[in-house]
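Chemist: Have a look at this one.
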Amino acid sequence: EVEEQAGLQQEVVEVCRIDAALAPLLTQPLGTCLEDFAFHCLSARKWIKEEALKMMRNFVRFRQKSGWGLRISKESVRLPLETGFHWLLPPTPQHYAVLVYNPRFLSTDLCPVEGYQRMGAFLLEEAMRVGGRQFQGVVFIVDALDVGLSVLLQFSFIDVQRGADMMLDHLPCRMKGLHFV
């Protein structure tokens, strides 16, 4: 099975070299090396090559459309990182990243919603980079304490659409749980 997975991974990397839609993966820095990115895409799509390639194309398309670049720098998300809106906790014994959302700390006076979304993507990239090939997915925890309608009203339709796009084939990870507290 490991040899088969390595073969699929190599096939995906080779497709990147000839597919114009995937060319940016070869020329722009990623949060990880291309081989690891291909591994995570394949793993997230249950080792179905066509699905992994689709995810990679969607990732490139989303990042180009958003203007975030293929790698998000810590400096570009410094302001939202300081708010406490997202917490990245240590991984679980099953190698799941744990990302906590604290919407009560959302302040569009400090940063637009898009900045908080970019920070979430940055933290997921960090979880994948740190977890390496052990990374198995992400558990989201939404701390809804003190969250009222005023928080929801800070989201525009474009913010909601961008958030949905991020969750659908944006990053190569599986959602392993969603919990509201």
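The way I read the labels, and the way they are meant: chains A, B, ... in the order of the structure tokens, residue 1 as the first residue of every chain, and ligand 1 as the first ligand shown, with later ones counted on from there.
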Taking the DSSP secondary structure from the backbone, can you list the residues of chain A that are alpha helix (DSSP H), as an MDAnalysis selection string?

Modeler: chainID A and resid 2:18 24:27 34:44 49:66 78:81 113:131 149:152 157:167

Chemist: Can you tell me, as a ChimeraX atom specification, what residues are no more than 7 Å from range 116-131 of chain A when counting only C-alpha atoms, ignoring any on the same chain fewer than 5 positions away?

Modeler: /A:31-32,72,77,80-81,86,88,97,163

Chemist: Nearest to Thr27 in chain A: which of A:Leu178, A:Leu70, A:Val138, A:Leu89 is it, counting only C-alpha atoms?

Modeler: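 Among the listed residues, A:Leu70 lies closest to Thr27 in chain A.
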
Chemist: Hey, what's within 10 Å of His40 in chain A if we count only C-alpha atoms and toss same-chain stuff fewer than 2 positions away? As a VMD selection string, please?

Modeler: chain A and resid 9 34 to 38 42 to 47 52 128 132 to 137 171 to 174

Chemist: Quick one: everything within 9 Å of Gly177 in chain A, counting only C-alpha atoms, minus sequence neighbours fewer than 5 positions away in the same chain. Send it as a ChimeraX atom specification.

Modeler: /A:138-141

Chemist: Create the file for the chosen residues now, containing all heavy atoms and written as a CSV table (one decimal), in the first residue's frame.

Modeler:
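The result, written out as result.csv:
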```csv
chain,number,residue,atom,x,y,z
A,138,VAL,N,-8.4,17.9,10.5
A,138,VAL,CA,-8.6,19.0,11.4
A,138,VAL,C,-10.0,18.8,12.1
A,138,VAL,O,-11.0,18.4,11.5
A,138,VAL,CB,-8.5,20.3,10.8
A,138,VAL,CG1,-9.5,20.5,9.7
A,138,VAL,CG2,-8.5,21.5,11.8
A,139,VAL,N,-9.9,19.1,13.4
A,139,VAL,CA,-11.2,19.2,14.2
A,139,VAL,C,-11.4,20.7,14.5
A,139,VAL,O,-10.5,21.4,15.0
A,139,VAL,CB,-11.0,18.5,15.5
A,139,VAL,CG1,-12.2,18.7,16.4
A,139,VAL,CG2,-10.8,17.0,15.3
A,140,PHE,N,-12.6,21.2,14.2
A,140,PHE,CA,-12.9,22.6,14.4
A,140,PHE,C,-13.8,22.7,15.7
A,140,PHE,O,-14.7,21.9,15.8
A,140,PHE,CB,-13.7,23.2,13.2
A,140,PHE,CG,-12.9,23.3,12.0
A,140,PHE,CD1,-13.1,22.4,11.0
A,140,PHE,CD2,-12.0,24.4,11.8
A,140,PHE,CE1,-12.3,22.5,9.8
A,140,PHE,CE2,-11.3,24.5,10.6
A,140,PHE,CZ,-11.5,23.5,9.6
A,141,ILE,N,-13.4,23.6,16.5
A,141,ILE,CA,-14.2,23.9,17.7
A,141,ILE,C,-14.6,25.4,17.6
A,141,ILE,O,-13.8,26.3,17.5
A,141,ILE,CB,-13.4,23.7,19.0
A,141,ILE,CG1,-13.0,22.2,19.1
A,141,ILE,CG2,-14.3,24.1,20.2
A,141,ILE,CD1,-12.1,21.9,20.3
```

Chemist: Show me, as a ChimeraX atom specification, the residues that have an atom within 10 Å of Arg78 in chain A when counting only C-alpha atoms, minus same-chain residues fewer than 4 positions from it.

Modeler: /A:73-74,82-83,115,119

Chemist: Please, which residues of chain A, numbered as in this document, come out strand (DSSP E or B) from DSSP, as JSON, numbers by chain?

Modeler: {"A": [86, 87, 88, 89, 96, 97, 98, 99, 100, 101, 137, 138, 139, 140, 141, 142, 175, 176, 177, 178, 179, 180]}

Chemist: Could you take the residues named above and write them with N, CA, C and O atoms, as an mmCIF file, in the first residue's frame?

Modeler:
```cif
data_model
loop_
_atom_site.group_PDB
_atom_site.id
_atom_site.type_symbol
_atom_site.label_atom_id
_atom_site.label_comp_id
_atom_site.auth_asym_id
_atom_site.auth_seq_id
_atom_site.Cartn_x
_atom_site.Cartn_y
_atom_site.Cartn_z
ATOM 1 N N HIS A 86 -8.566 32.931 16.465
ATOM 2 C CA HIS A 86 -8.252 31.521 16.195
ATOM 3 C C HIS A 86 -7.186 31.052 17.172
ATOM 4 O O HIS A 86 -6.242 31.786 17.464
ATOM 5 N N TRP A 87 -7.333 29.821 17.609
ATOM 6 C CA TRP A 87 -6.276 29.164 18.376
ATOM 7 C C TRP A 87 -5.966 27.854 17.682
ATOM 8 O O TRP A 87 -6.864 27.098 17.343
ATOM 9 N N LEU A 88 -4.709 27.577 17.503
ATOM 10 C CA LEU A 88 -4.279 26.275 16.993
ATOM 11 C C LEU A 88 -3.716 25.509 18.184
ATOM 12 O O LEU A 88 -2.680 25.888 18.740
ATOM 13 N N LEU A 89 -4.428 24.472 18.589
ATOM 14 C CA LEU A 89 -4.025 23.682 19.745
ATOM 15 C C LEU A 89 -3.098 22.545 19.309
ATOM 16 O O LEU A 89 -3.033 22.207 18.126
ATOM 17 N N TYR A 96 -4.750 14.756 14.531
ATOM 18 C CA TYR A 96 -5.664 15.772 14.021
ATOM 19 C C TYR A 96 -5.236 17.119 14.581
ATOM 20 O O TYR A 96 -4.950 17.241 15.775
ATOM 21 N N ALA A 97 -5.216 18.121 13.733
ATOM 22 C CA ALA A 97 -5.027 19.481 14.220
ATOM 23 C C ALA A 97 -6.335 19.901 14.890
ATOM 24 O O ALA A 97 -7.414 19.444 14.507
ATOM 25 N N VAL A 98 -6.245 20.779 15.869
ATOM 26 C CA VAL A 98 -7.432 21.293 16.547
ATOM 27 C C VAL A 98 -7.412 22.808 16.395
ATOM 28 O O VAL A 98 -6.497 23.475 16.886
ATOM 29 N N LEU A 99 -8.401 23.336 15.680
ATOM 30 C CA LEU A 99 -8.491 24.768 15.437
ATOM 31 C C LEU A 99 -9.742 25.296 16.123
ATOM 32 O O LEU A 99 -10.851 24.841 15.841
ATOM 33 N N VAL A 100 -9.529 26.229 17.052
ATOM 34 C CA VAL A 100 -10.634 26.820 17.812
ATOM 35 C C VAL A 100 -10.943 28.189 17.219
ATOM 36 O O VAL A 100 -10.040 29.008 17.007
ATOM 37 N N TYR A 101 -12.232 28.410 16.953
ATOM 38 C CA TYR A 101 -12.714 29.714 16.491
ATOM 39 C C TYR A 101 -13.390 30.410 17.663
ATOM 40 O O TYR A 101 -14.251 29.828 18.318
ATOM 41 N N GLY A 137 -5.920 15.424 9.481
ATOM 42 C CA GLY A 137 -7.116 16.227 9.305
ATOM 43 C C GLY A 137 -7.250 17.239 10.421
ATOM 44 O O GLY A 137 -6.324 17.444 11.203
ATOM 45 N N VAL A 138 -8.419 17.872 10.472
ATOM 46 C CA VAL A 138 -8.613 18.952 11.436
ATOM 47 C C VAL A 138 -9.958 18.819 12.139
ATOM 48 O O VAL A 138 -10.954 18.422 11.528
ATOM 49 N N VAL A 139 -9.935 19.133 13.412
ATOM 50 C CA VAL A 139 -11.158 19.229 14.215
ATOM 51 C C VAL A 139 -11.369 20.714 14.492
ATOM 52 O O VAL A 139 -10.457 21.400 14.956
ATOM 53 N N PHE A 140 -12.556 21.207 14.164
ATOM 54 C CA PHE A 140 -12.894 22.605 14.417
ATOM 55 C C PHE A 140 -13.756 22.690 15.670
ATOM 56 O O PHE A 140 -14.703 21.918 15.835
ATOM 57 N N ILE A 141 -13.419 23.630 16.520
ATOM 58 C CA ILE A 141 -14.225 23.910 17.704
ATOM 59 C C ILE A 141 -14.642 25.370 17.603
ATOM 60 O O ILE A 141 -13.790 26.256 17.459
ATOM 61 N N VAL A 142 -15.943 25.619 17.667
ATOM 62 C CA VAL A 142 -16.458 26.980 17.622
ATOM 63 C C VAL A 142 -16.914 27.337 19.030
ATOM 64 O O VAL A 142 -17.840 26.731 19.567
ATOM 65 N N MET A 175 -12.004 17.407 7.262
ATOM 66 C CA MET A 175 -12.588 17.861 8.510
ATOM 67 C C MET A 175 -12.992 16.613 9.296
ATOM 68 O O MET A 175 -13.792 15.812 8.838
ATOM 69 N N LYS A 176 -12.395 16.450 10.454
ATOM 70 C CA LYS A 176 -12.648 15.266 11.275
ATOM 71 C C LYS A 176 -13.686 15.533 12.355
ATOM 72 O O LYS A 176 -14.142 14.597 13.012
ATOM 73 N N GLY A 177 -14.065 16.769 12.542
ATOM 74 C CA GLY A 177 -15.087 17.074 13.529
ATOM 75 C C GLY A 177 -15.388 18.559 13.558
ATOM 76 O O GLY A 177 -14.547 19.384 13.205
ATOM 77 N N LEU A 178 -16.612 18.874 13.966
ATOM 78 C CA LEU A 178 -17.056 20.248 14.151
ATOM 79 C C LEU A 178 -17.855 20.276 15.434
ATOM 80 O O LEU A 178 -18.874 19.580 15.547
ATOM 81 N N HIS A 179 -17.386 21.031 16.397
ATOM 82 C CA HIS A 179 -18.032 21.075 17.701
ATOM 83 C C HIS A 179 -18.330 22.528 18.072
ATOM 84 O O HIS A 179 -17.502 23.416 17.872
ATOM 85 N N PHE A 180 -19.522 22.747 18.621
ATOM 86 C CA PHE A 180 -19.930 24.062 19.111
ATOM 87 C C PHE A 180 -19.992 23.997 20.625
ATOM 88 O O PHE A 180 -20.598 23.099 21.182
#
```

Chemist: When you count only C-alpha atoms, which of these residues is closest to Phe59 in chain A: A:Leu106, A:Leu22, A:Phe39, A:Val147?

Modeler: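 Ranking A:Leu106, A:Leu22, A:Phe39, A:Val147 by distance to Phe59 in chain A, first place goes to A:Leu22.
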